[in-house]
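Raw model.cif, mmCIF, C-alpha atoms:
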data_model
#
loop_
_atom_site.group_PDB
_atom_site.id
_atom_site.type_symbol
_atom_site.label_atom_id
_atom_site.label_comp_id
_atom_site.auth_asym_id
_atom_site.auth_seq_id
_atom_site.Cartn_x
_atom_site.Cartn_y
_atom_site.Cartn_z
ATOM 1 C CA MET A 1 55.242 -10.660 -17.795
ATOM 2 C CA GLN A 2 58.765 -11.759 -18.713
ATOM 3 C CA PRO A 3 60.555 -12.369 -15.384
ATOM 4 C CA ASN A 4 63.929 -11.246 -16.778
ATOM 5 C CA ARG A 5 62.749 -7.874 -18.030
ATOM 6 C CA ASN A 6 64.869 -5.064 -16.639
ATOM 7 C CA LEU A 7 62.537 -2.128 -16.110
ATOM 8 C CA MET A 8 64.853 -0.100 -13.896
ATOM 9 C CA VAL A 9 66.339 3.236 -14.769
ATOM 10 C CA ARG A 10 70.063 3.556 -14.195
ATOM 11 C CA LYS A 11 69.698 5.390 -10.902
ATOM 12 C CA LEU A 12 67.117 7.051 -8.686
ATOM 13 C CA ASP A 13 69.265 9.867 -7.359
ATOM 14 C CA PRO A 14 68.078 13.424 -6.833
ATOM 15 C CA PRO A 15 70.455 16.348 -7.425
ATOM 16 C CA GLN A 16 73.405 16.690 -5.114
ATOM 17 C CA THR A 17 72.988 18.586 -1.870
ATOM 18 C CA TRP A 18 72.025 22.215 -2.292
ATOM 19 C CA ASN A 19 73.146 25.345 -0.537
ATOM 20 C CA PRO A 20 70.922 26.089 2.496
ATOM 21 C CA MET A 21 71.143 29.796 1.632
ATOM 22 C CA VAL A 22 68.487 29.264 -1.038
ATOM 23 C CA GLU A 23 65.953 27.480 1.189
ATOM 24 C CA ASN A 24 63.423 30.315 1.219
ATOM 25 C CA TYR A 25 63.617 30.588 -2.567
ATOM 26 C CA LEU A 26 63.014 26.869 -2.948
ATOM 27 C CA ARG A 27 60.035 27.146 -0.632
ATOM 28 C CA ALA A 28 58.672 30.004 -2.723
ATOM 29 C CA THR A 29 58.841 27.898 -5.897
ATOM 30 C CA GLY A 30 57.239 24.804 -4.326
ATOM 31 C CA PHE A 31 60.321 22.599 -4.753
ATOM 32 C CA TYR A 32 61.705 22.681 -1.229
ATOM 33 C CA HIS A 33 60.136 19.431 -0.020
ATOM 34 C CA VAL A 34 61.061 17.315 -3.037
ATOM 35 C CA SER A 35 64.614 18.661 -2.759
ATOM 36 C CA LYS A 36 64.946 16.997 0.662
ATOM 37 C CA ILE A 37 64.564 13.442 -0.695
ATOM 38 C CA GLY A 38 67.737 11.403 -0.535
ATOM 39 C CA VAL A 39 68.752 8.349 -2.539
ATOM 40 C CA ILE A 40 66.044 5.692 -2.850
ATOM 41 C CA ARG A 41 67.159 2.317 -4.119
ATOM 42 C CA GLY A 42 64.602 0.568 -6.268
ATOM 43 C CA PHE A 43 64.400 -3.114 -7.116
ATOM 44 C CA HIS A 44 63.594 -4.332 -10.611
ATOM 45 C CA PRO A 45 61.672 -7.533 -9.597
ATOM 46 C CA LEU A 46 59.302 -5.362 -7.567
ATOM 47 C CA LEU A 47 58.949 -2.914 -10.442
ATOM 48 C CA ALA A 48 58.161 -5.759 -12.841
ATOM 49 C CA THR A 49 55.527 -7.029 -10.401
ATOM 50 C CA LEU A 50 53.820 -3.645 -10.207
ATOM 51 C CA VAL A 51 53.867 -3.182 -13.964
ATOM 52 C CA GLU A 52 52.285 -6.623 -14.404
ATOM 53 C CA ARG A 53 49.353 -5.418 -12.278
ATOM 54 C CA TRP A 54 48.938 -2.142 -14.197
ATOM 55 C CA ARG A 55 45.975 -1.744 -16.548
ATOM 56 C CA PRO A 56 46.403 1.058 -19.126
ATOM 57 C CA GLU A 57 42.663 1.135 -19.843
ATOM 58 C CA THR A 58 41.841 2.352 -16.323
ATOM 59 C CA HIS A 59 45.221 3.652 -15.106
ATOM 60 C CA THR A 60 44.941 1.436 -12.044
ATOM 61 C CA PHE A 61 46.719 -1.485 -10.417
ATOM 62 C CA VAL A 62 44.467 -4.532 -10.236
ATOM 63 C CA LEU A 63 44.904 -6.168 -6.826
ATOM 64 C CA PRO A 64 42.986 -8.900 -4.991
ATOM 65 C CA VAL A 65 41.437 -6.212 -2.775
ATOM 66 C CA GLY A 66 40.315 -4.119 -5.759
ATOM 67 C CA GLU A 67 41.718 -1.489 -8.102
ATOM 68 C CA VAL A 68 44.025 1.182 -6.676
ATOM 69 C CA THR A 69 46.211 3.869 -8.172
ATOM 70 C CA VAL A 70 48.627 6.665 -7.373
ATOM 71 C CA THR A 71 46.646 9.867 -6.839
ATOM 72 C CA LEU A 72 47.405 13.577 -6.715
ATOM 73 C CA GLU A 73 47.145 13.421 -2.959
ATOM 74 C CA ASP A 74 49.827 10.720 -2.977
ATOM 75 C CA VAL A 75 52.091 13.011 -4.996
ATOM 76 C CA ALA A 76 51.576 15.832 -2.493
ATOM 77 C CA TYR A 77 52.183 13.469 0.418
ATOM 78 C CA ILE A 78 55.203 11.624 -0.995
ATOM 79 C CA PHE A 79 56.982 14.403 -2.906
ATOM 80 C CA GLY A 80 55.489 17.535 -1.340
ATOM 81 C CA LEU A 81 54.785 19.046 -4.757
ATOM 82 C CA PRO A 82 51.990 21.560 -5.407
ATOM 83 C CA ILE A 83 49.001 19.851 -7.017
ATOM 84 C CA ASP A 84 46.842 22.910 -7.706
ATOM 85 C CA GLY A 85 47.495 25.619 -10.236
ATOM 86 C CA GLU A 86 48.108 26.053 -13.942
ATOM 87 C CA ALA A 87 48.747 23.114 -16.226
ATOM 88 C CA VAL A 88 52.368 22.374 -17.064
ATOM 89 C CA SER A 89 52.131 22.833 -20.804
ATOM 90 C CA GLY A 90 53.648 24.706 -23.721
ATOM 91 C CA TRP A 91 55.295 24.199 -27.051
ATOM 92 C CA THR A 92 58.152 21.818 -27.794
ATOM 93 C CA ASP A 93 60.803 23.480 -29.914
ATOM 94 C CA SER A 94 63.894 21.414 -30.688
ATOM 95 C CA SER A 95 65.694 24.077 -32.671
ATOM 96 C CA GLY A 96 69.162 25.167 -31.668
ATOM 97 C CA ASP A 97 68.079 28.800 -31.459
ATOM 98 C CA PHE A 98 65.364 27.908 -28.943
ATOM 99 C CA VAL A 99 67.707 25.901 -26.739
ATOM 100 C CA GLN A 100 70.395 28.584 -26.824
ATOM 101 C CA SER A 101 68.084 31.518 -26.124
ATOM 102 C CA GLN A 102 66.247 29.756 -23.307
ATOM 103 C CA SER A 103 69.490 28.524 -21.763
ATOM 104 C CA HIS A 104 70.946 32.028 -21.756
ATOM 105 C CA ALA A 105 67.839 33.260 -19.970
ATOM 106 C CA ILE A 106 67.892 30.470 -17.365
ATOM 107 C CA PHE A 107 71.539 29.517 -16.939
ATOM 108 C CA GLY A 108 73.294 32.638 -18.238
ATOM 109 C CA ARG A 109 75.418 30.660 -20.708
ATOM 110 C CA GLU A 110 75.338 28.197 -23.597
ATOM 111 C CA PRO A 111 74.511 24.632 -22.590
ATOM 112 C CA GLU A 112 76.099 21.274 -23.180
ATOM 113 C CA VAL A 113 73.511 19.281 -25.081
ATOM 114 C CA SER A 114 73.086 15.649 -25.988
ATOM 115 C CA SER A 115 74.994 14.574 -29.083
ATOM 116 C CA SER A 116 72.007 12.515 -30.243
ATOM 117 C CA SER A 117 69.338 15.119 -29.508
ATOM 118 C CA LYS A 118 70.086 18.828 -29.476
ATOM 119 C CA SER A 119 67.012 19.506 -27.311
ATOM 120 C CA TYR A 120 68.360 17.611 -24.282
ATOM 121 C CA ILE A 121 70.687 19.360 -21.853
ATOM 122 C CA LYS A 122 73.257 17.506 -19.748
ATOM 123 C CA LEU A 123 72.395 17.568 -16.059
ATOM 124 C CA GLY A 124 76.054 17.322 -15.060
ATOM 125 C CA TRP A 125 76.705 20.608 -16.849
ATOM 126 C CA VAL A 126 73.692 22.228 -15.184
ATOM 127 C CA ARG A 127 74.937 21.142 -11.749
ATOM 128 C CA ARG A 128 78.350 22.657 -12.443
ATOM 129 C CA VAL A 129 76.721 25.916 -13.503
ATOM 130 C CA ARG A 130 74.591 25.873 -10.354
ATOM 131 C CA ASP A 131 77.511 25.244 -8.013
ATOM 132 C CA ALA A 132 79.563 28.018 -9.640
ATOM 133 C CA GLU A 133 76.978 30.661 -8.723
ATOM 134 C CA PRO A 134 78.370 33.037 -6.056
ATOM 135 C CA LEU A 135 74.901 33.636 -4.535
ATOM 136 C CA ASP A 136 75.848 37.263 -3.866
ATOM 137 C CA THR A 137 72.982 38.834 -5.816
ATOM 138 C CA GLU A 138 69.281 38.187 -6.310
ATOM 139 C CA ASP A 139 69.892 37.164 -9.929
ATOM 140 C CA SER A 140 72.612 34.706 -8.895
ATOM 141 C CA VAL A 141 70.390 33.068 -6.288
ATOM 142 C CA ARG A 142 67.533 32.743 -8.773
ATOM 143 C CA ARG A 143 69.827 31.188 -11.391
ATOM 144 C CA TYR A 144 70.990 28.695 -8.767
ATOM 145 C CA VAL A 145 67.414 27.726 -7.899
ATOM 146 C CA ARG A 146 66.390 27.426 -11.558
ATOM 147 C CA CYS A 147 69.366 25.125 -12.188
ATOM 148 C CA HIS A 148 68.436 23.034 -9.178
ATOM 149 C CA ILE A 149 64.818 22.682 -10.281
ATOM 150 C CA PHE A 150 65.903 21.735 -13.801
ATOM 151 C CA CYS A 151 68.072 18.978 -12.309
ATOM 152 C CA LEU A 152 65.044 17.741 -10.357
ATOM 153 C CA PHE A 153 63.119 17.535 -13.619
ATOM 154 C CA GLY A 154 65.750 15.281 -15.173
ATOM 155 C CA SER A 155 66.586 13.139 -12.147
ATOM 156 C CA THR A 156 63.354 12.819 -10.183
ATOM 157 C CA LEU A 157 60.146 14.173 -11.737
ATOM 158 C CA PHE A 158 60.342 13.747 -15.527
ATOM 159 C CA THR A 159 63.184 11.298 -15.948
ATOM 160 C CA ASP A 160 64.093 9.523 -19.146
ATOM 161 C CA LYS A 161 65.957 6.234 -19.257
ATOM 162 C CA SER A 162 69.362 7.858 -18.936
ATOM 163 C CA THR A 163 68.604 10.234 -16.008
ATOM 164 C CA ALA A 164 71.591 12.180 -17.345
ATOM 165 C CA TYR A 165 69.659 14.709 -19.455
ATOM 166 C CA ALA A 166 66.539 16.833 -19.266
ATOM 167 C CA HIS A 167 64.508 18.258 -22.133
ATOM 168 C CA ALA A 168 64.822 21.958 -22.885
ATOM 169 C CA LYS A 169 61.039 22.234 -23.278
ATOM 170 C CA TYR A 170 60.764 22.876 -19.524
ATOM 171 C CA LEU A 171 62.983 25.962 -19.617
ATOM 172 C CA PRO A 172 60.279 28.525 -20.550
ATOM 173 C CA LEU A 173 58.336 27.534 -17.434
ATOM 174 C CA LEU A 174 61.284 28.618 -15.295
ATOM 175 C CA ARG A 175 61.910 32.040 -16.873
ATOM 176 C CA ASP A 176 59.415 33.973 -14.757
ATOM 177 C CA PHE A 177 60.668 33.103 -11.299
ATOM 178 C CA ASP A 178 57.598 34.487 -9.565
ATOM 179 C CA ARG A 179 55.309 32.184 -11.549
ATOM 180 C CA ILE A 180 57.122 28.888 -10.966
ATOM 181 C CA HIS A 181 54.979 28.115 -7.921
ATOM 182 C CA THR A 182 51.751 28.698 -9.855
ATOM 183 C CA TYR A 183 52.063 25.484 -11.899
ATOM 184 C CA SER A 184 50.639 22.138 -10.852
ATOM 185 C CA TRP A 185 53.933 20.279 -10.946
ATOM 186 C CA GLY A 186 52.441 17.382 -9.012
ATOM 187 C CA SER A 187 49.834 16.810 -11.731
ATOM 188 C CA ALA A 188 52.500 16.788 -14.429
ATOM 189 C CA CYS A 189 54.627 14.343 -12.425
ATOM 190 C CA LEU A 190 51.662 11.997 -11.952
ATOM 191 C CA ALA A 191 50.809 12.152 -15.661
ATOM 192 C CA HIS A 192 54.421 11.282 -16.453
ATOM 193 C CA LEU A 193 54.213 8.252 -14.158
ATOM 194 C CA TYR A 194 50.969 7.066 -15.759
ATOM 195 C CA ARG A 195 52.472 7.404 -19.230
ATOM 196 C CA ALA A 196 55.620 5.538 -18.171
ATOM 197 C CA LEU A 197 53.573 2.699 -16.648
ATOM 198 C CA CYS A 198 51.465 2.393 -19.784
ATOM 199 C CA ARG A 199 54.565 2.185 -21.960
ATOM 200 C CA ALA A 200 56.217 -0.329 -19.625
ATOM 201 C CA SER A 201 53.156 -2.577 -19.710
ATOM 202 C CA ARG A 202 53.758 -3.314 -23.392
ATOM 203 C CA PHE A 203 55.271 -6.772 -23.857
ATOM 204 C CA ASP A 204 58.250 -5.515 -25.884
ATOM 205 C CA THR A 205 59.366 -2.794 -23.451
ATOM 206 C CA LYS A 206 62.729 -3.507 -21.861
ATOM 207 C CA GLU A 207 63.158 -0.504 -19.575
ATOM 208 C CA MET A 208 61.014 1.970 -17.676
ATOM 209 C CA ASP A 209 61.579 5.637 -17.006
ATOM 210 C CA GLY A 210 59.478 8.133 -15.071
ATOM 211 C CA PRO A 211 59.324 9.144 -11.397
ATOM 212 C CA LEU A 212 60.089 5.717 -9.956
ATOM 213 C CA ASN A 213 60.825 7.157 -6.513
ATOM 214 C CA LEU A 214 57.158 8.106 -6.376
ATOM 215 C CA LEU A 215 56.035 4.643 -7.472
ATOM 216 C CA PHE A 216 58.229 2.701 -5.050
ATOM 217 C CA VAL A 217 57.402 4.817 -2.004
ATOM 218 C CA TRP A 218 53.700 4.664 -2.865
ATOM 219 C CA ALA A 219 53.880 0.860 -3.086
ATOM 220 C CA TRP A 220 55.813 0.510 0.182
ATOM 221 C CA GLU A 221 53.460 2.837 2.046
ATOM 222 C CA ARG A 222 50.282 1.295 0.664
ATOM 223 C CA MET A 223 51.410 -2.342 0.658
ATOM 224 C CA PRO A 224 53.714 -3.035 3.624
ATOM 225 C CA CYS A 225 53.882 -6.711 2.674
ATOM 226 C CA ILE A 226 56.254 -5.850 -0.193
ATOM 227 C CA ALA A 227 58.288 -3.169 1.608
ATOM 228 C CA PRO A 228 62.003 -3.745 2.259
ATOM 229 C CA VAL A 229 61.619 -2.924 5.976
ATOM 230 C CA PRO A 230 58.651 -2.598 8.357
ATOM 231 C CA ARG A 231 57.264 0.905 8.396
ATOM 232 C CA ASN A 232 57.429 1.062 12.188
ATOM 233 C CA THR A 233 61.228 0.826 11.998
ATOM 234 C CA LEU A 234 61.448 3.967 9.872
ATOM 235 C CA PRO A 235 61.599 7.561 11.101
ATOM 236 C CA PRO A 236 58.206 9.209 11.649
ATOM 237 C CA ALA A 237 56.530 10.228 8.417
ATOM 238 C CA GLU A 238 56.639 13.869 7.409
ATOM 239 C CA ILE A 239 56.255 15.631 4.117
ATOM 240 C CA PRO A 240 57.898 14.564 1.907
ATOM 241 C CA VAL A 241 57.270 11.022 3.098
ATOM 242 C CA ALA A 242 59.747 9.727 0.503
ATOM 243 C CA LYS A 243 62.526 11.094 2.675
ATOM 244 C CA ARG A 244 62.058 8.400 5.313
ATOM 245 C CA TRP A 245 62.641 5.691 2.706
ATOM 246 C CA SER A 246 65.895 7.189 1.457
ATOM 247 C CA HIS A 247 69.005 5.196 2.348
ATOM 248 C CA SER A 248 66.752 2.647 4.056
ATOM 249 C CA ALA A 249 68.449 -0.637 4.909
ATOM 250 C CA ARG A 250 67.122 -3.866 3.460
ATOM 251 C CA THR A 251 67.689 -7.442 4.435
ATOM 252 C CA THR A 252 69.399 -10.034 2.293
ATOM 253 C CA ALA A 253 66.185 -12.049 2.331
ATOM 254 C CA TRP A 254 64.210 -9.154 0.846
ATOM 255 C CA SER A 255 66.860 -8.476 -1.777
ATOM 256 C CA SER A 256 66.689 -12.110 -2.877
ATOM 257 C CA ASN A 257 62.981 -11.851 -3.729
ATOM 258 C CA ILE A 258 61.983 -12.476 -7.313
ATOM 259 C CA VAL A 259 58.882 -11.468 -9.265
ATOM 260 C CA VAL A 260 57.004 -14.618 -8.274
ATOM 261 C CA THR A 261 57.667 -13.908 -4.592
ATOM 262 C CA PHE A 262 56.279 -10.394 -4.784
ATOM 263 C CA MET A 263 53.277 -11.667 -6.749
ATOM 264 C CA HIS A 264 52.597 -14.173 -3.983
ATOM 265 C CA HIS A 265 52.747 -11.463 -1.309
ATOM 266 C CA ILE A 266 50.280 -9.306 -3.227
ATOM 267 C CA ASP A 267 47.940 -12.229 -3.952
ATOM 268 C CA TYR A 268 47.532 -12.887 -0.230
ATOM 269 C CA MET A 269 47.336 -9.251 0.802
ATOM 270 C CA GLN A 270 44.292 -8.447 2.926
ATOM 271 C CA GLU A 271 44.072 -4.676 2.521
ATOM 272 C CA VAL A 272 45.761 -1.560 1.192
ATOM 273 C CA ASN A 273 46.882 1.038 3.718
ATOM 274 C CA ILE A 274 45.491 4.550 3.469
ATOM 275 C CA TYR A 275 46.764 7.788 4.885
ATOM 276 C CA GLY A 276 44.548 8.373 7.886
ATOM 277 C CA SER A 277 46.303 11.156 9.761
ATOM 278 C CA CYS A 278 44.464 14.472 9.918
ATOM 279 C CA GLU A 279 47.814 16.121 10.532
ATOM 280 C CA PHE A 280 49.120 14.911 7.189
ATOM 281 C CA TYR A 281 45.998 16.028 5.344
ATOM 282 C CA PHE A 282 46.515 19.464 6.861
ATOM 283 C CA GLN A 283 50.136 19.491 5.722
ATOM 284 C CA ILE A 284 49.061 18.521 2.220
ATOM 285 C CA LEU A 285 46.515 21.315 2.109
ATOM 286 C CA THR A 286 49.157 23.858 3.100
ATOM 287 C CA LEU A 287 51.181 22.832 0.033
ATOM 288 C CA ARG A 288 48.468 23.974 -2.343
ATOM 289 C CA PHE A 289 49.040 27.396 -3.776
#
As structure tokens - that is how I would like this structure written.
Amino acid sequence: MQPNRNLMVRKLDPPQTWNPMVENYLRATGFYHVSKIGVIRGFHPLLATLVERWRPETHTFVLPVGEVTVTLEDVAYIFGLPIDGEAVSGWTDSSGDFVQSQSHAIFGREPEVSSSSKSYIKLGWVRRVRDAEPLDTEDSVRRYVRCHIFCLFGSTLFTDKSTAYAHAKYLPLLRDFDRIHTYSWGSACLAHLYRALCRASRFDTKEMDGPLNLLFVWAWERMPCIAPVPRNTLPPAEIPVAKRWSHSARTTAWSSNIVVTFMHHIDYMQEVNIYGSCEFYFQILTLRF
């Protein structure tokens, strides 16, 4: 591992605050919990340490206490995403006609796309479209929610290295509003994280994308020795557990840690925490559609 590798994305921010009028619609789609996560500040030395422990052959982190990994249950616990249902799959069409037709169906207007790739839509434009919705009709509310979910795709769940765009390939999955909740979005998010970790583990990779909020919160919950603050100083855990790590304070001493420091903490770690609360398992089960 090169200690000066910068594997951070530019930011780990979810979409801006959303109108509480659409709460029931967000609940119906399965994206209410993940929408409640605030800003989580990552730390590139910690990310580099985790990537150094990742083994692409087994999709696990190799630790002194054994091999561990982020699981579907972790995704449900940390993000509150549905983990049962249909696979998130489909065709990838980069043609202008596809992007325009799908955007009209989802957003009601032509999109602003990336100048380098016509299949990527600017999240800033999508947010402006969302916030311009009057929310006075069923169609308007549904357009608002679709826009919000699309922003979550680009900023939280399926991020690229810019976090400023999202791929238009996800649009067809949002057309039938009543089917959005039937997809296993948690499985797709976890697969995206695995793929991002495998790419980042290559020696020539300079940056890492993917759902880093999920990775950081998982590491802090499972390995308190590398967390920025003690867990007992945080608000009580609830789904999504990532919410209690948002805007969390961190000491100057923790922020001065380097890769070697985090490696040392992990080397002398005695155990990995597990989620032992029956209440939380019940909450996770209620998220499954």
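Proximity ranking of A:Ala168, A:Leu197, A:Met21, A:Val259 relative to Leu135 (chain A) places A:Met21 first, based on all atoms listed in the file.
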List every residue of region 155-243 of chain A that has an atom at most 9 Å from any atom of region 27-30 of chain A, giving for each one its closest atom pair and the distance in Å to one decimal, counting all atoms listed in the file, sorted by chain and then by ascending residue number, as a tab-separated table.
residue	atom	partner	partner_atom	distance
A:Phe177	CA	A:Thr29	CA	7.7
A:Asp178	CA	A:Thr29	CA	7.6
A:Arg179	CA	A:Thr29	CA	7.9
A:Ile180	CA	A:Thr29	CA	5.4
A:His181	CA	A:Thr29	CA	4.4
A:Thr182	CA	A:Thr29	CA	8.2
A:Trp185	CA	A:Gly30	CA	8.7
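Of the residues under consideration (A:Val62, A:Ala227, A:Leu171, A:Ala219), A:Leu171 shows the shortest atom-to-atom contact distance to Ser103 (chain A) when counting all atoms listed in the file.
Shortest separation to Val88 (chain A) among A:Pro235, A:Pro240, A:Pro228, A:Gly186 occurs at residue A:Gly186, atoms counted being only C-alpha atoms.
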Legend entry - Residues near Lys36 (chain A), cut-off 9 Å, only C-alpha atoms, skip fewer than 6 positions along chain, as an MDAnalysis selection string: chainID A and resid 14 17 240 242:243
Can you list, as a compact mmCIF listing (two decimals) with C-alpha atoms, in the frame of the given file, every protein, DNA or RNA residue that comes within 8 Å of Ile106 (chain A) when you count all atoms listed in the file, leaving out same-chain residues fewer than 3 positions away?
# COMPACT_ATOMS: atom_id res chain seq x y z
CA GLN A 102 66.25 29.76 -23.31
CA SER A 103 69.49 28.52 -21.76
CA ARG A 143 69.83 31.19 -11.39
CA ARG A 146 66.39 27.43 -11.56
CA CYS A 147 69.37 25.12 -12.19
CA LEU A 171 62.98 25.96 -19.62
CA LEU A 174 61.28 28.62 -15.30
CA ARG A 175 61.91 32.04 -16.87
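Using the PyMOL selection byres ((chain A and resi 191) around 12) on this structure selects His59, Val70, Thr71, Leu72, Val75, Ile83, Ala87, Val88, Ser89, Leu157, Phe158, Ser184, Trp185, Gly186, Ser187, Ala188, Cys189, Leu190, His192, Leu193, Tyr194, Arg195, Ala196, Leu197, Cys198, Gly210, Pro211 and Leu214 of chain A.
The coordinates place CA of Lys122 (chain A) at 16.0 Å from CA of Phe98 (chain A).
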Legend entry - Expansion of the PyMOL selection byres ((chain A and resi 265) around 12) into residues, as a list in words: Leu46, Thr49, Leu50, Leu63, Pro64, Met223, Pro224, Cys225, Ile226, Ala227, Trp254, Asn257, Ile258, Val259, Val260, Thr261, Phe262, Met263, His264, Ile266, Asp267, Tyr268, Met269, Gln270 and Glu271 of chain A
Inset, instruction - Evaluate the PyMOL selection byres ((chain A and resi 42) around 8) here and jot the selected residues down as a PyMOL selection string. - result: chain A and resi 8+12+40-41+43-44+47+212-213+216
Inset, instruction - Please measure the separation of CA of Val22 (chain A) and CA of Tyr165 (chain A), giving the value in Å to one decimal. - result: 23.5 Å
Legend entry - Non-local contacts of region 200-202 of chain A (8 Å; only C-alpha atoms; under 3 positions in same chain excluded) as a VMD selection string: chain A and resid 7 51 to 52 54 to 56 196 to 197 205 to 208
Output file for the residues above (C-alpha atoms, as a PDB file, in the coordinates of the input):
ATOM      1  CA  LEU A   7      62.537  -2.128 -16.110  1.00  0.00           C
ATOM      2  CA  VAL A  51      53.867  -3.182 -13.964  1.00  0.00           C
ATOM      3  CA  GLU A  52      52.285  -6.623 -14.404  1.00  0.00           C
ATOM      4  CA  TRP A  54      48.938  -2.142 -14.197  1.00  0.00           C
ATOM      5  CA  ARG A  55      45.975  -1.744 -16.548  1.00  0.00           C
ATOM      6  CA  PRO A  56      46.403   1.058 -19.126  1.00  0.00           C
ATOM      7  CA  ALA A 196      55.620   5.538 -18.171  1.00  0.00           C
ATOM      8  CA  LEU A 197      53.573   2.699 -16.648  1.00  0.00           C
ATOM      9  CA  THR A 205      59.366  -2.794 -23.451  1.00  0.00           C
ATOM     10  CA  LYS A 206      62.729  -3.507 -21.861  1.00  0.00           C
ATOM     11  CA  GLU A 207      63.158  -0.504 -19.575  1.00  0.00           C
ATOM     12  CA  MET A 208      61.014   1.970 -17.676  1.00  0.00           C
TER      13      MET A 208
END
Starting from 3 Å padding per side, set up an axis-aligned box that covers all listed atoms of region 39-56 of chain A and hand over centre and edge lengths in Å, one decimal, as lines of an AutoDock Vina configuration file.
center_x = 57.4
center_y = 0.4
center_z = -10.8
size_x = 28.8
size_y = 21.9
size_z = 22.6
Inset, instruction - Go through A:Pro172, A:Tyr32, A:Ser95, A:Trp218 and flag the residue nearest Val272 (chain A), using all atoms listed in the file for the distances. - result: A:Trp218
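One finds CA of Asn19 (chain A) at 13.3 Å from CA of Arg128 (chain A).
Of the listed residues A:Ile78, A:Asp209, A:Ser140, A:Thr69, the one whose atoms come nearest to Lys161 (chain A) is A:Asp209, with distances taken using all atoms listed in the file.
Take the candidates A:Glu238, A:Gly90, A:Gly108, A:Phe31 and check each one against Phe150 (chain A) using only C-alpha atoms; the shortest distance goes to A:Phe31.
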Inset, instruction - Identify the residues around (76.4, 17.6, -12.7) within a radius of 10 Å, measuring from only C-alpha atoms in the coordinates stated by the file, and give them as a ChimeraX atom specification. - result: /A:15-16,122-131,151,164-165
